[in-house]
Amino acid sequence: MPKYVIERGIPGAGSLSDEEIQEISRTSNRVLSGMPDVQWVQSYVTDDKIFCVYLAPDPELVRQHAKEGGFPADAVHKVTRIIDPTSGGQ
């Protein structure tokens, strides 16, 4: 399944309360419950953005999730390769 990184511009994201984060998560999960082909992997919160990792058959389903959940999806990038510290070999 293709993997996508979604950039969401949310001013003050890094200052969201636990309750606000929980509500965002609940909303996302509610929308995803009707989208069995889409899986939310995790999200990274910075000061003014949230970067989300999703598995989905195509980027349009990721955008549909954002629209139905009321989330911005400023950019949707398909991951073409993953590198990590072991990528350099021995």
# chains A, B, ... in the order shown; residues from 1 in each chain; ligands from 1
>>> residues_around(residues="Arg26 in chain A", least_positions_apart="6", cutoff="10 Å", atoms="only C-alpha atoms", output="JSON, numbers by chain")
{"A": [20, 32, 69]}
>>> write_last_selection(atoms="C-alpha atoms", output="PDB file, in the first residue's frame")
ATOM      1  CA  GLU A  20      -7.737  19.423  21.564  1.00  0.00           C
ATOM      2  CA  LEU A  32     -11.437   6.681   8.956  1.00  0.00           C
ATOM      3  CA  GLY A  69     -12.653  15.644   8.885  1.00  0.00           C
TER       4      GLY A  69
END
>>> select_by_dssp(residues="chain A", states="strand (DSSP E or B)", output="VMD selection string")
chain A and resid 3 to 9 39 to 45 49 to 55 75 to 78
>>> closest_residue(among="A:Val5, A:Val31, A:Leu16, A:Ile24", to="His65 in chain A", atoms="only C-alpha atoms")
A:Val31
>>> closest_residue(among="A:Gln64, A:Ser33, A:Ser28, A:Thr80", to="Cys52 in chain A", atoms="only C-alpha atoms")
A:Ser28
>>> closest_residue(among="A:Glu23, A:Met1, A:Ile6, A:Tyr44", to="Val76 in chain A", atoms="only C-alpha atoms")
A:Ile6
>>> atom_distance(atom1="CA of Gln22 in chain A", atom2="CA of Pro2 in chain A")
26.5 Å
>>> closest_residue(among="A:Pro72, A:Pro85, A:Met35, A:Lys78", to="Val53 in chain A", atoms="only C-alpha atoms")
A:Lys78
>>> residues_around(residues="Ser43 in chain A", least_positions_apart="2", cutoff="12 Å", atoms="only C-alpha atoms", output="list in words")
Tyr4, Val5, Ile6, Glu7, Arg8, Ala13, Ile21, Ile24, Ser25, Ser28, Gln39, Trp40, Val41, Val45, Thr46, Lys49, Ile50, Phe51, Cys52, Val53 and Tyr54 of chain A
